[in-house]
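Here is the structure we will look at.
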Amino acid sequence: DGGITQSPKYLFRKEGQNVTLSCEQNLNHDAMYWYRQDPGQGLRLIYYSQIVNDFQKGDIAEGYSVSREKKESFPLTVTSAQKNPTAFYLCASSDRPPYEQYFGPGTRLTVT
Amino acid sequence: AQRVTQPEKLLSVFKGAPVELKCNYSYSGSPELFWYVQYSRQRLQLLLRHISRESIKGFTADLNKGETSFHLKKPFAQEEDSAMYYCALSPTGGFKTIFGAGTRLFVKA
């Protein structure tokens, strides 16, 4: 089954803890993205990676970190520095631009 | 600054009525523009892109560079069109994509 997978679907953490969200793709896409989706705000770009071992900050990168050690994987760490981490997180991948982005099912993170 | 504006959070129409979801953008250059759709309990997916000039599920979108708009239109709405619609912009040849806040379309029977 090809596509993008995100795990887990739901994640609960205590305030002050770092948490890592998984994103894997088997589409052989070069680019991968992380978005945060909040009601009324649409999708906001956190980080994106054009190629392995390279990534750039998006519009709301503060409090987040990523790595891109493998083409298939682009994990996102939500650190304790993120002031409002409770949200729905979407991962996507794409081939060379301006091709479409393929989205994962998302992870809903709740921090209490 | 690059920005995508979808002025309507919610649009409600009757089945068979025409529908237009508005999208305005701010970008100094020639961007690539897209419409994405998210049906209930499904993943966000591409509906159409301006470069393809295609019609998908009866929807079309015309890029108006003078008005910097990329409105999505369908002449006769169907109940299955009810979904969340996002307009998105990418710089030509660029990876970064900016999404609008989205418009929820509700088609009433």
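Residues are referred to by chain and number: the chain letter is A, B, ... according to the order shown in the structure tokens, the number counts from 1 in that chain, and ligands are numbered separately from 1 in the order shown.
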Pick out the residues sitting within 6 Å of Gln6 in chain B, and hand them over as an mmCIF file with C-alpha atoms, in the first residue's frame; count only C-alpha atoms, and ignore anything fewer than 2 positions along from it in its own chain.
data_model
loop_
_atom_site.group_PDB
_atom_site.id
_atom_site.type_symbol
_atom_site.label_atom_id
_atom_site.label_comp_id
_atom_site.auth_asym_id
_atom_site.auth_seq_id
_atom_site.Cartn_x
_atom_site.Cartn_y
_atom_site.Cartn_z
ATOM 1 C CA GLU B 8 -15.629 32.787 3.568
ATOM 2 C CA LYS B 22 -13.294 32.679 -3.391
ATOM 3 C CA CYS B 23 -9.514 32.783 -3.184
ATOM 4 C CA GLY B 100 -5.484 29.701 2.955
#
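CA of Ser22 in chain A is positioned 14.7 Å from CA of Ser49 in chain A.
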Exercise. Counting only C-alpha atoms, which residues of chain A come no farther than 8 Å from chain B, as a ChimeraX atom specification?
Worked result: /A:31,40-45,48,50,58,96-98,100-105
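Counting from CA of Trp34 in chain A, the distance to CA of Leu105 in chain B is 25.2 Å.
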Exercise. Which of these residues is nearest to Ala61 in chain B, using only C-alpha atoms: B:Arg104, B:Glu20, B:Pro7, B:Ser82?
Worked result: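 Among B:Arg104, B:Glu20, B:Pro7, B:Ser82, it is B:Glu20 that comes nearest to Ala61 in chain B.
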Exercise. Do you know which residues are at most 10 Å from Lys70 in chain A counting only C-alpha atoms, after dropping those on the same chain fewer than 5 positions away, and could you put them as a ChimeraX atom specification?
Worked result: /A:24,51-53
Problem set entry | For Lys74 in chain B: contacts at 12 Å, only C-alpha atoms, fewer than 2 positions along chain excluded, given as a ChimeraX atom specification | /B:13,15-22,55-62,71-72,76-78,81,105,107
